[in-house]
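So the structure is just underneath, and the comments pick up after that.
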2 protein chains.
Amino acid sequence: MLHVAEAARVSVATVSAYINGTTTVSQELSARIEQAIREIGYKRNAIARSLKVGTTRTVGLTVPHITNPFFTDVVSVIQQAFDRAGYAVMLCCTDEDLNNQDDQIRLLLDRMVDGLIVARVGDSAFLKETVERANVPVVLLDRECENVDTDRVVLDNHQAVFEAITYLVDLGHKRIGYITGSFDISPMRDRMAGYRAALLAAGLTFDQSLVRSGDLHEADGYTAAMQLLSLHERPTAIFSANNPMVVGAMKAIRDIGLSCPEDISIICFDDFPWADVFHPQLTTIAQPVQAIGEQAAMLLLDRLNGNRDAPSRRLVLKGRLMVRNSCRPLSATTGAATPKIATSLV
Amino acid sequence: MLHVAEAARVSVATVSAYINGTTTVSQELSARIEQAIREIGYKRNAIARSLKVGTTRTVGLTVPHITNPFFTDVVSVIQQAFDRAGYAVMLCCTDEDLNNQDDQIRLLLDRMVDGLIVARVGDSAFLKETVERANVPVVLLDRECENVDTDRVVLDNHQAVFEAITYLVDLGHKRIGYITGSFDISPMRDRMAGYRAALLAAGLTFDQSLVRSGDLHEADGYTAAMQLLSLHERPTAIFSANNPMVVGAMKAIRDIGLSCPEDISIICFDDFPWADVFHPQLTTIAQPVQAIGEQAAMLLLDRLNGNRDAPSRRLVLKGRLMVRNSCRPLSATTGAATPKIATSLV
DNA sequence: TTGTACGCGTTATCAG
DNA sequence: CTGATAACGCGTACAA
């Protein structure tokens, strides 16, 4: 900028005023400055600017795994929204690890991000502290954080799973396997609650042996499904609480020599682009990823635009059951009666 | 830092020296500083530091679409690599738009990123200029940029497609439809060249009417496949030059009442996690995403670590044909003979 | 309308 | 081993 000022034979203050439009600069000087800028190829240094004005026009975004199609989509939408608003976004993946998350948030804060969107993992005291002490707005995504008072956008997980399980029950299924992640994140708790509520509403009893817990990865889904399918009294349907795990479950079904939906019905949480192209066309619970991403961005942008003192907002969106063809009526399920026989033998 | 200095009754210079280990600080002062830091909860301001030292420990990454599974994976790997190295990464999606790309690179440069990884779109004079003028190291990813002298990691697209088409030819296919993106990016040119070379090697003649061009999106694949399948002399196999377009192609096949692999064989570029779980299990060309991401990160990190003057490096990796069950011998293809009849009628 | 002087938080230099 | 001071590049009172 100094160079520009010299080349244009004006002061740096004038150049700054011209660039930021703070005050009107005379035609003549404007022209000289404009030319000098072009000649020098001057670019304003955003870092120096940030140091002065205390804002970086950069936000931080942390998600567990970007390869999980749900997060892929949400990240994509959020990125676009901030791009439009002239913000850069720093992306971090926690890999479901609390220490990573804390480190990354620290990293982001050190770099003076103006705001943070986090799909948290675990119960982070540090995150809570950040929300309360650091003066950067934080919006929580997908996963609740009960003891933290800040903006958030979440799904009505209970309702979504209730609907899905009820659909299965209406098809006649009574033994519905359930593959879940650890209950230290709210979606897993709420989804399980939806499962139990649907069972209860249908007059079915909850059977702990039909529930298998994993760590949200494909391999965990595989193991869980293997165990479920090896049960004496095999479930006739399986619900997977996330997408990567259902891939593992499908592989288990294949490896064990069964097929879907003939032998077993499948529903999973989170839709994906291929769902209605390949067979079986999976019945899924689709989250409104577009809305989720846009709302999260909107909440943060609103704070960034100055609305700091409004009480924290909680947006809860609805999932949608995408009925395709991975579920069959119990009566049409191969060996639907076998379990009964097996049971009576035991 | 000033506060810390005051609280510890030392100068800021000493605090800085202590924090950075620039010079040894006496036990006593170290203790006082340490305590002051803890009490104040002092965190070093990375922005101010960047302004002074001229480095941000942040890199920029631009890709066309993060929802394209290939880029999802590569971004994930790159993100992890830089995370390990203590760098933050700013992610931008160009949406295959040259103006977006230029804007985003400018944005990144303004923020003084230490380096750039770009899966470019179009022929950007600005990108070329950036590489030559700006003194930030740039590594090109996936897409070549002939007239730009910088590090890059690309795939041997020619060989990969040659192998895939040859596989199809060996199955007896003679009319192989080809769905491509615009030829202004190198992979599309090279893949097409591989297609033609394979045809030539097999003594088959290239038929322009079997080639359809789209804009890399799912919808384009749909349109292209529809046109191909409506040809009087229908192709017996289709190759899609990327992943999103094959999803569209599969939908077209479904909507037109055909099925894969019975009526038509399919191969597409880029593998995806579901490929071997659902039917048809798509035969694909898998790129070594892990290696691509790691190498790209490695190339940039090497420059960042001071190796600035080495001549630019070009890493070319090999794709792998993942043979599954979306391709059948021509003899086993339903209506394999029909085209001949149709032709003779015309 | 334009210019001067100062501060943002750090680090590097150099004198003590 | 420590401290004063000058940058880094920019924005902004305030004075002219």
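Here's how to read the names in the structure tokens: chain A, B, ... by the order shown, residue numbers from 1 in each chain, ligand numbers from 1 in the order shown.
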Polymer residues at most 12 Å from region 7-14 of chain D, only C-alpha atoms (C1' of nucleotides), same-chain spacing of 6 or more positions, as JSON, numbers by chain: {"A": [1, 2, 3, 12, 13, 14, 15, 16, 17, 18, 19, 20, 21, 22, 23, 43, 44, 45, 46, 47, 48, 49, 50, 51, 52, 53, 54], "B": [47, 48, 49, 50, 51, 52, 53, 54, 55], "C": [3, 4, 5, 6, 7, 8, 9, 10, 11, 12, 13]}
To test your reading of the structure, identify every residue in region 124-320 of chain B that backbone DSSP assigns to helix (DSSP H, G or I), and report it as a compact mmCIF listing (two decimals) with C-alpha atoms, in the first residue's frame.
# COMPACT_ATOMS: atom_id res chain seq x y z
CA ALA B 125 -4.63 -17.24 -17.02
CA PHE B 126 -4.87 -16.06 -13.48
CA LEU B 127 -3.78 -19.42 -12.13
CA LYS B 128 -0.80 -19.40 -14.45
CA GLU B 129 0.04 -15.90 -13.34
CA THR B 130 -0.29 -16.90 -9.71
CA VAL B 131 2.13 -19.74 -10.12
CA GLU B 132 4.63 -17.53 -11.86
CA ARG B 133 4.26 -14.29 -9.95
CA ASN B 157 -5.78 -41.64 -17.59
CA HIS B 158 -4.88 -42.95 -20.99
CA GLN B 159 -3.66 -46.27 -19.69
CA ALA B 160 -6.59 -46.67 -17.29
CA VAL B 161 -9.22 -46.17 -19.93
CA PHE B 162 -7.29 -48.21 -22.46
CA GLU B 163 -7.40 -51.11 -20.06
CA ALA B 164 -11.09 -50.69 -19.34
CA ILE B 165 -12.10 -50.46 -22.97
CA THR B 166 -9.88 -53.38 -23.87
CA TYR B 167 -11.64 -55.39 -21.20
CA LEU B 168 -14.95 -54.55 -22.86
CA VAL B 169 -13.60 -55.38 -26.28
CA ASP B 170 -12.34 -58.73 -25.01
CA SER B 186 -6.85 -32.88 -19.41
CA PRO B 187 -8.38 -36.00 -17.86
CA MET B 188 -11.23 -35.88 -20.33
CA ARG B 189 -8.85 -35.54 -23.24
CA ASP B 190 -6.61 -38.31 -22.02
CA ARG B 191 -9.46 -40.65 -21.26
CA MET B 192 -10.88 -40.13 -24.70
CA ALA B 193 -7.47 -40.79 -26.18
CA GLY B 194 -7.32 -44.04 -24.23
CA TYR B 195 -10.70 -44.98 -25.62
CA ARG B 196 -9.67 -44.33 -29.19
CA ALA B 197 -6.36 -46.10 -28.76
CA ALA B 198 -8.07 -49.18 -27.37
CA LEU B 199 -10.52 -49.22 -30.24
CA LEU B 200 -7.69 -48.83 -32.71
CA ALA B 201 -5.66 -51.59 -31.09
CA GLN B 208 -18.39 -40.23 -33.27
CA SER B 209 -22.09 -40.88 -32.77
CA LEU B 210 -21.27 -43.09 -29.80
CA GLU B 218 -25.53 -36.48 -12.95
CA ALA B 219 -28.12 -34.85 -15.16
CA ASP B 220 -25.68 -34.75 -18.05
CA GLY B 221 -25.04 -38.45 -17.69
CA TYR B 222 -28.76 -39.04 -17.82
CA THR B 223 -29.22 -37.07 -21.01
CA ALA B 224 -26.20 -38.59 -22.65
CA ALA B 225 -27.26 -42.14 -21.83
CA MET B 226 -30.77 -41.47 -23.02
CA GLN B 227 -29.45 -40.36 -26.39
CA LEU B 228 -27.11 -43.30 -26.63
CA LEU B 229 -29.85 -45.77 -25.75
CA ASN B 243 -18.85 -40.95 -11.32
CA PRO B 244 -21.76 -38.50 -11.06
CA MET B 245 -22.57 -39.04 -14.72
CA VAL B 246 -22.78 -42.80 -14.31
CA VAL B 247 -25.48 -42.35 -11.70
CA GLY B 248 -27.45 -40.44 -14.30
CA ALA B 249 -26.71 -43.11 -16.87
CA MET B 250 -27.99 -45.81 -14.55
CA LYS B 251 -31.18 -43.86 -14.05
CA ALA B 252 -31.61 -43.53 -17.80
CA ILE B 253 -31.15 -47.26 -18.21
CA ARG B 254 -33.77 -47.88 -15.57
CA ASP B 255 -36.22 -45.34 -16.96
CA VAL B 289 -7.11 -41.68 -3.82
CA GLN B 290 -5.06 -42.25 -0.71
CA ALA B 291 -1.81 -42.01 -2.61
CA ILE B 292 -2.99 -39.06 -4.68
CA GLY B 293 -3.92 -37.07 -1.61
CA GLU B 294 -0.81 -37.99 0.30
CA GLN B 295 1.52 -37.26 -2.58
CA ALA B 296 -0.07 -33.92 -3.25
CA ALA B 297 0.24 -32.99 0.40
CA MET B 298 3.79 -34.28 0.46
CA LEU B 299 4.80 -32.24 -2.57
CA LEU B 300 3.42 -29.07 -1.04
CA LEU B 301 4.79 -29.76 2.42
CA ASP B 302 8.19 -30.31 0.90
CA ARG B 303 8.09 -26.86 -0.69
CA LEU B 304 6.78 -25.40 2.54
Close residues, Ile66 (chain B) itself excluded, 12 Å, only C-alpha atoms (C1' of nucleotides), min 3 positions apart in chain, as a ChimeraX atom specification: /A:66-69,71-80 /B:61-63,69-76,91-96,119,244
Leaving out DC14 (chain C) and any residue of its chain fewer than 2 positions from it, which residues lie within 10 Å of it when counting only C-alpha atoms (C1' of nucleotides), given as a CSV table (one decimal) with N, CA and C atoms (P, O5', C5', C4', C3', O3' and C1' of nucleotides), in the first residue's frame?
chain,number,residue,atom,x,y,z
C,12,DA,P,11.6,-14.2,15.1
C,12,DA,O5',12.5,-13.0,14.8
C,12,DA,C5',12.3,-12.2,13.6
C,12,DA,C4',13.3,-11.1,13.6
C,12,DA,C3',14.7,-11.5,13.9
C,12,DA,O3',15.6,-10.8,13.1
C,12,DA,C1',13.9,-9.8,15.5
C,16,DG,P,24.5,0.5,24.7
C,16,DG,O5',24.2,-0.3,26.0
C,16,DG,C5',23.0,0.0,26.7
C,16,DG,C4',22.8,-1.2,27.7
C,16,DG,C3',23.8,-1.4,28.8
C,16,DG,O3',23.1,-1.2,30.0
C,16,DG,C1',23.2,-3.4,27.8
D,4,DA,P,12.5,-1.9,29.3
D,4,DA,O5',12.7,-1.0,28.0
D,4,DA,C5',13.9,-0.3,27.9
D,4,DA,C4',14.3,0.0,26.4
D,4,DA,C3',13.2,0.7,25.6
D,4,DA,O3',13.8,1.8,24.9
D,4,DA,C1',13.9,-1.3,24.5
D,5,DT,P,12.8,2.7,24.1
D,5,DT,O5',12.9,2.0,22.7
D,5,DT,C5',14.1,1.7,22.1
D,5,DT,C4',13.9,1.2,20.7
D,5,DT,C3',12.7,1.7,20.0
D,5,DT,O3',13.1,1.9,18.6
D,5,DT,C1',12.6,-0.6,20.0
I'd like to know which residues of region 198-325 of chain B are strand (DSSP E or B) (by DSSP, run on the backbone); could you write them as a short mmCIF file (atom, residue, chain, number, x, y, z; two decimals) with all heavy atoms, in the first residue's frame?
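As a result, selection11.cif now contains:
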data_model
loop_
_atom_site.label_atom_id
_atom_site.label_comp_id
_atom_site.auth_asym_id
_atom_site.auth_seq_id
_atom_site.Cartn_x
_atom_site.Cartn_y
_atom_site.Cartn_z
N VAL B 211 -20.24 -41.06 -28.99
CA VAL B 211 -19.66 -40.20 -27.96
C VAL B 211 -20.61 -39.07 -27.60
O VAL B 211 -21.10 -38.36 -28.48
CB VAL B 211 -18.32 -39.61 -28.44
CG1 VAL B 211 -17.78 -38.62 -27.42
CG2 VAL B 211 -17.32 -40.71 -28.72
N ARG B 212 -20.91 -38.93 -26.34
CA ARG B 212 -21.78 -37.83 -25.90
C ARG B 212 -21.06 -37.04 -24.82
O ARG B 212 -20.45 -37.62 -23.94
CB ARG B 212 -23.08 -38.39 -25.31
CG ARG B 212 -23.89 -39.21 -26.28
CD ARG B 212 -24.48 -38.33 -27.37
NE ARG B 212 -24.57 -39.09 -28.62
CZ ARG B 212 -25.49 -38.86 -29.56
NH1 ARG B 212 -26.38 -37.89 -29.40
NH2 ARG B 212 -25.48 -39.58 -30.66
N SER B 213 -21.18 -35.73 -24.93
CA SER B 213 -20.47 -34.89 -23.99
C SER B 213 -21.43 -34.16 -23.06
O SER B 213 -22.49 -33.69 -23.48
CB SER B 213 -19.64 -33.88 -24.77
OG SER B 213 -18.89 -33.09 -23.87
N GLY B 214 -21.08 -34.10 -21.81
CA GLY B 214 -21.91 -33.39 -20.84
C GLY B 214 -21.05 -32.52 -19.95
O GLY B 214 -19.89 -32.28 -20.25
N ALA B 237 -22.48 -51.51 -24.67
CA ALA B 237 -21.77 -51.17 -23.45
C ALA B 237 -21.61 -49.66 -23.41
O ALA B 237 -21.59 -49.00 -24.45
CB ALA B 237 -20.40 -51.84 -23.42
N ILE B 238 -21.52 -49.13 -22.20
CA ILE B 238 -21.31 -47.68 -22.06
C ILE B 238 -20.20 -47.45 -21.04
O ILE B 238 -20.17 -48.08 -19.99
CB ILE B 238 -22.60 -46.96 -21.60
CG1 ILE B 238 -23.63 -46.93 -22.73
CG2 ILE B 238 -22.29 -45.54 -21.13
CD1 ILE B 238 -24.92 -46.20 -22.38
N PHE B 239 -19.34 -46.53 -21.39
CA PHE B 239 -18.28 -46.09 -20.48
C PHE B 239 -18.59 -44.67 -20.06
O PHE B 239 -18.85 -43.81 -20.90
CB PHE B 239 -16.92 -46.15 -21.18
CG PHE B 239 -15.80 -45.64 -20.32
CD1 PHE B 239 -15.10 -46.50 -19.49
CD2 PHE B 239 -15.46 -44.30 -20.33
CE1 PHE B 239 -14.08 -46.04 -18.67
CE2 PHE B 239 -14.42 -43.82 -19.51
CZ PHE B 239 -13.74 -44.70 -18.69
N SER B 240 -18.56 -44.42 -18.77
CA SER B 240 -18.79 -43.06 -18.28
C SER B 240 -17.49 -42.51 -17.71
O SER B 240 -16.84 -43.15 -16.88
CB SER B 240 -19.87 -43.05 -17.20
OG SER B 240 -19.88 -41.80 -16.55
N SER B 265 -23.75 -53.31 -20.77
CA SER B 265 -22.64 -53.34 -19.82
C SER B 265 -22.20 -51.92 -19.49
O SER B 265 -22.31 -51.02 -20.33
CB SER B 265 -21.47 -54.11 -20.42
OG SER B 265 -21.80 -55.48 -20.58
N ILE B 266 -21.74 -51.76 -18.25
CA ILE B 266 -21.36 -50.42 -17.80
C ILE B 266 -20.00 -50.45 -17.11
O ILE B 266 -19.72 -51.34 -16.31
CB ILE B 266 -22.39 -49.87 -16.78
CG1 ILE B 266 -23.75 -49.68 -17.42
CG2 ILE B 266 -21.89 -48.58 -16.14
CD1 ILE B 266 -23.86 -48.44 -18.28
N ILE B 267 -19.19 -49.45 -17.41
CA ILE B 267 -17.96 -49.21 -16.66
C ILE B 267 -17.89 -47.72 -16.40
O ILE B 267 -18.28 -46.93 -17.25
CB ILE B 267 -16.69 -49.61 -17.44
CG1 ILE B 267 -16.64 -51.12 -17.65
CG2 ILE B 267 -15.43 -49.16 -16.69
CD1 ILE B 267 -15.32 -51.61 -18.26
N CYS B 268 -17.43 -47.35 -15.24
CA CYS B 268 -17.25 -45.91 -15.02
C CYS B 268 -15.93 -45.60 -14.36
O CYS B 268 -15.30 -46.44 -13.73
CB CYS B 268 -18.39 -45.32 -14.20
SG CYS B 268 -18.22 -45.55 -12.44
N PHE B 269 -15.54 -44.37 -14.55
CA PHE B 269 -14.32 -43.89 -13.94
C PHE B 269 -14.64 -43.46 -12.51
O PHE B 269 -15.63 -42.81 -12.26
CB PHE B 269 -13.78 -42.68 -14.72
CG PHE B 269 -12.28 -42.65 -14.73
CD1 PHE B 269 -11.57 -43.12 -15.82
CD2 PHE B 269 -11.58 -42.21 -13.62
CE1 PHE B 269 -10.18 -43.12 -15.82
CE2 PHE B 269 -10.19 -42.20 -13.61
CZ PHE B 269 -9.48 -42.66 -14.71
N HIS B 279 -26.39 -53.97 -6.42
CA HIS B 279 -26.41 -54.54 -7.76
C HIS B 279 -26.92 -53.55 -8.78
O HIS B 279 -27.86 -52.83 -8.49
CB HIS B 279 -27.30 -55.78 -7.76
CG HIS B 279 -26.70 -56.89 -6.96
ND1 HIS B 279 -25.78 -57.78 -7.47
CD2 HIS B 279 -26.85 -57.21 -5.66
CE1 HIS B 279 -25.41 -58.62 -6.52
NE2 HIS B 279 -26.05 -58.30 -5.40
N THR B 283 -18.39 -52.31 -12.33
CA THR B 283 -16.97 -52.40 -12.68
C THR B 283 -16.49 -50.98 -12.88
O THR B 283 -17.12 -50.20 -13.61
CB THR B 283 -16.80 -53.22 -13.97
OG1 THR B 283 -17.13 -54.58 -13.69
CG2 THR B 283 -15.36 -53.14 -14.47
N THR B 284 -15.44 -50.63 -12.18
CA THR B 284 -14.98 -49.24 -12.21
C THR B 284 -13.47 -49.15 -12.40
O THR B 284 -12.76 -50.14 -12.29
CB THR B 284 -15.29 -48.53 -10.88
OG1 THR B 284 -14.53 -49.16 -9.84
CG2 THR B 284 -16.76 -48.59 -10.53
N ILE B 285 -13.03 -47.94 -12.65
CA ILE B 285 -11.60 -47.66 -12.60
C ILE B 285 -11.36 -46.91 -11.30
O ILE B 285 -11.88 -45.82 -11.10
CB ILE B 285 -11.17 -46.78 -13.79
CG1 ILE B 285 -11.33 -47.55 -15.09
CG2 ILE B 285 -9.71 -46.34 -13.61
CD1 ILE B 285 -11.19 -46.70 -16.33
N ALA B 286 -10.61 -47.55 -10.42
CA ALA B 286 -10.36 -46.92 -9.12
C ALA B 286 -9.07 -46.13 -9.17
O ALA B 286 -8.04 -46.62 -9.60
CB ALA B 286 -10.27 -47.99 -8.04
N ARG B 314 6.51 -34.02 -11.35
CA ARG B 314 5.26 -34.50 -11.92
C ARG B 314 5.10 -35.96 -11.54
O ARG B 314 5.87 -36.81 -12.00
CB ARG B 314 5.29 -34.34 -13.45
CG ARG B 314 4.03 -34.80 -14.15
CD ARG B 314 4.07 -34.35 -15.61
NE ARG B 314 2.80 -34.64 -16.27
CZ ARG B 314 2.54 -35.78 -16.89
NH1 ARG B 314 3.45 -36.73 -16.95
NH2 ARG B 314 1.36 -35.98 -17.45
N LEU B 315 4.14 -36.23 -10.70
CA LEU B 315 3.90 -37.61 -10.26
C LEU B 315 2.73 -38.17 -11.03
O LEU B 315 1.64 -37.58 -11.04
CB LEU B 315 3.57 -37.62 -8.77
CG LEU B 315 4.71 -37.83 -7.77
CD1 LEU B 315 6.01 -37.24 -8.26
CD2 LEU B 315 4.33 -37.30 -6.41
N VAL B 316 2.92 -39.29 -11.68
CA VAL B 316 1.76 -39.88 -12.34
C VAL B 316 1.51 -41.27 -11.80
O VAL B 316 2.38 -42.13 -11.77
CB VAL B 316 1.87 -39.81 -13.90
CG1 VAL B 316 3.22 -39.39 -14.36
CG2 VAL B 316 1.43 -41.09 -14.55
N LEU B 317 0.28 -41.44 -11.33
CA LEU B 317 -0.10 -42.70 -10.69
C LEU B 317 -0.98 -43.53 -11.62
O LEU B 317 -1.53 -43.01 -12.59
CB LEU B 317 -0.83 -42.41 -9.38
CG LEU B 317 -0.07 -41.47 -8.43
CD1 LEU B 317 -0.85 -41.24 -7.15
CD2 LEU B 317 1.30 -42.02 -8.11
N ARG B 320 -6.71 -48.50 -11.38
CA ARG B 320 -6.85 -49.95 -11.36
C ARG B 320 -8.27 -50.34 -11.76
O ARG B 320 -9.25 -49.79 -11.25
CB ARG B 320 -6.56 -50.47 -9.95
CG ARG B 320 -6.27 -51.95 -9.91
CD ARG B 320 -5.33 -52.27 -8.76
NE ARG B 320 -6.02 -52.22 -7.48
CZ ARG B 320 -6.62 -53.30 -6.95
NH1 ARG B 320 -6.60 -54.45 -7.59
NH2 ARG B 320 -7.22 -53.22 -5.78
N LEU B 321 -8.37 -51.26 -12.67
CA LEU B 321 -9.69 -51.70 -13.11
C LEU B 321 -10.25 -52.66 -12.05
O LEU B 321 -9.65 -53.69 -11.76
CB LEU B 321 -9.58 -52.42 -14.46
CG LEU B 321 -10.91 -52.84 -15.09
CD1 LEU B 321 -11.74 -51.62 -15.46
CD2 LEU B 321 -10.68 -53.72 -16.31
N MET B 322 -11.39 -52.29 -11.49
CA MET B 322 -12.02 -53.14 -10.49
C MET B 322 -13.12 -53.92 -11.19
O MET B 322 -14.22 -53.41 -11.39
CB MET B 322 -12.63 -52.30 -9.37
CG MET B 322 -11.68 -51.28 -8.75
SD MET B 322 -10.36 -52.04 -7.79
CE MET B 322 -11.27 -52.58 -6.36
#
Shortest interatomic distance to Glu39 (chain A) - which of A:Gly257, A:His232, A:Thr24, A:Ala8, counting only C-alpha atoms: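 So, comparing all the options, the nearest one is A:Ala8.
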Residues of chain D within 7 Å of chain B, only C-alpha atoms (C1' of nucleotides) counted, as an MDAnalysis selection string: chainID D and resid 1:3 8
If you keep N, CA and C atoms (P, O5', C5', C4', C3', O3' and C1' of nucleotides), can you produce a file of those selected residues as a PDB file, in the first residue's frame?
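Final output, result-v3.pdb:
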ATOM      1  P    DC D   1      21.327 -18.280  29.614  1.00  0.00           P
ATOM      2  O5'  DC D   1      21.088 -16.785  30.056  1.00  0.00           O
ATOM      3  C5'  DC D   1      20.671 -16.528  31.388  1.00  0.00           C
ATOM      4  C4'  DC D   1      20.220 -15.106  31.459  1.00  0.00           C
ATOM      5  C3'  DC D   1      18.783 -14.870  30.971  1.00  0.00           C
ATOM      6  O3'  DC D   1      18.107 -14.132  31.979  1.00  0.00           O
ATOM      7  C1'  DC D   1      20.250 -13.312  29.964  1.00  0.00           C
ATOM      8  P    DT D   2      16.575 -13.954  32.012  1.00  0.00           P
ATOM      9  O5'  DT D   2      16.412 -12.461  31.486  1.00  0.00           O
ATOM     10  C5'  DT D   2      16.909 -11.398  32.302  1.00  0.00           C
ATOM     11  C4'  DT D   2      16.839 -10.115  31.524  1.00  0.00           C
ATOM     12  C3'  DT D   2      15.444  -9.742  31.024  1.00  0.00           C
ATOM     13  O3'  DT D   2      15.024  -8.598  31.764  1.00  0.00           O
ATOM     14  C1'  DT D   2      17.136  -9.295  29.400  1.00  0.00           C
ATOM     15  P    DG D   3      13.517  -8.123  31.641  1.00  0.00           P
ATOM     16  O5'  DG D   3      13.729  -6.866  30.699  1.00  0.00           O
ATOM     17  C5'  DG D   3      14.669  -5.867  31.084  1.00  0.00           C
ATOM     18  C4'  DG D   3      14.837  -4.850  29.961  1.00  0.00           C
ATOM     19  C3'  DG D   3      13.511  -4.301  29.413  1.00  0.00           C
ATOM     20  O3'  DG D   3      13.690  -2.915  29.194  1.00  0.00           O
ATOM     21  C1'  DG D   3      14.782  -5.204  27.642  1.00  0.00           C
ATOM     22  P    DC D   8       8.662  -3.189   7.175  1.00  0.00           P
ATOM     23  O5'  DC D   8       7.568  -4.346   7.277  1.00  0.00           O
ATOM     24  C5'  DC D   8       7.904  -5.680   7.613  1.00  0.00           C
ATOM     25  C4'  DC D   8       6.628  -6.411   7.933  1.00  0.00           C
ATOM     26  C3'  DC D   8       5.409  -5.795   7.252  1.00  0.00           C
ATOM     27  O3'  DC D   8       5.117  -6.528   6.071  1.00  0.00           O
ATOM     28  C1'  DC D   8       4.989  -6.361   9.573  1.00  0.00           C
TER      29       DC D   8
END
CA of Gly172 (chain B) to CA of Cys260 (chain B), distance in Å rounded to a single decimal: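 A separation of 16.2 Å between them.
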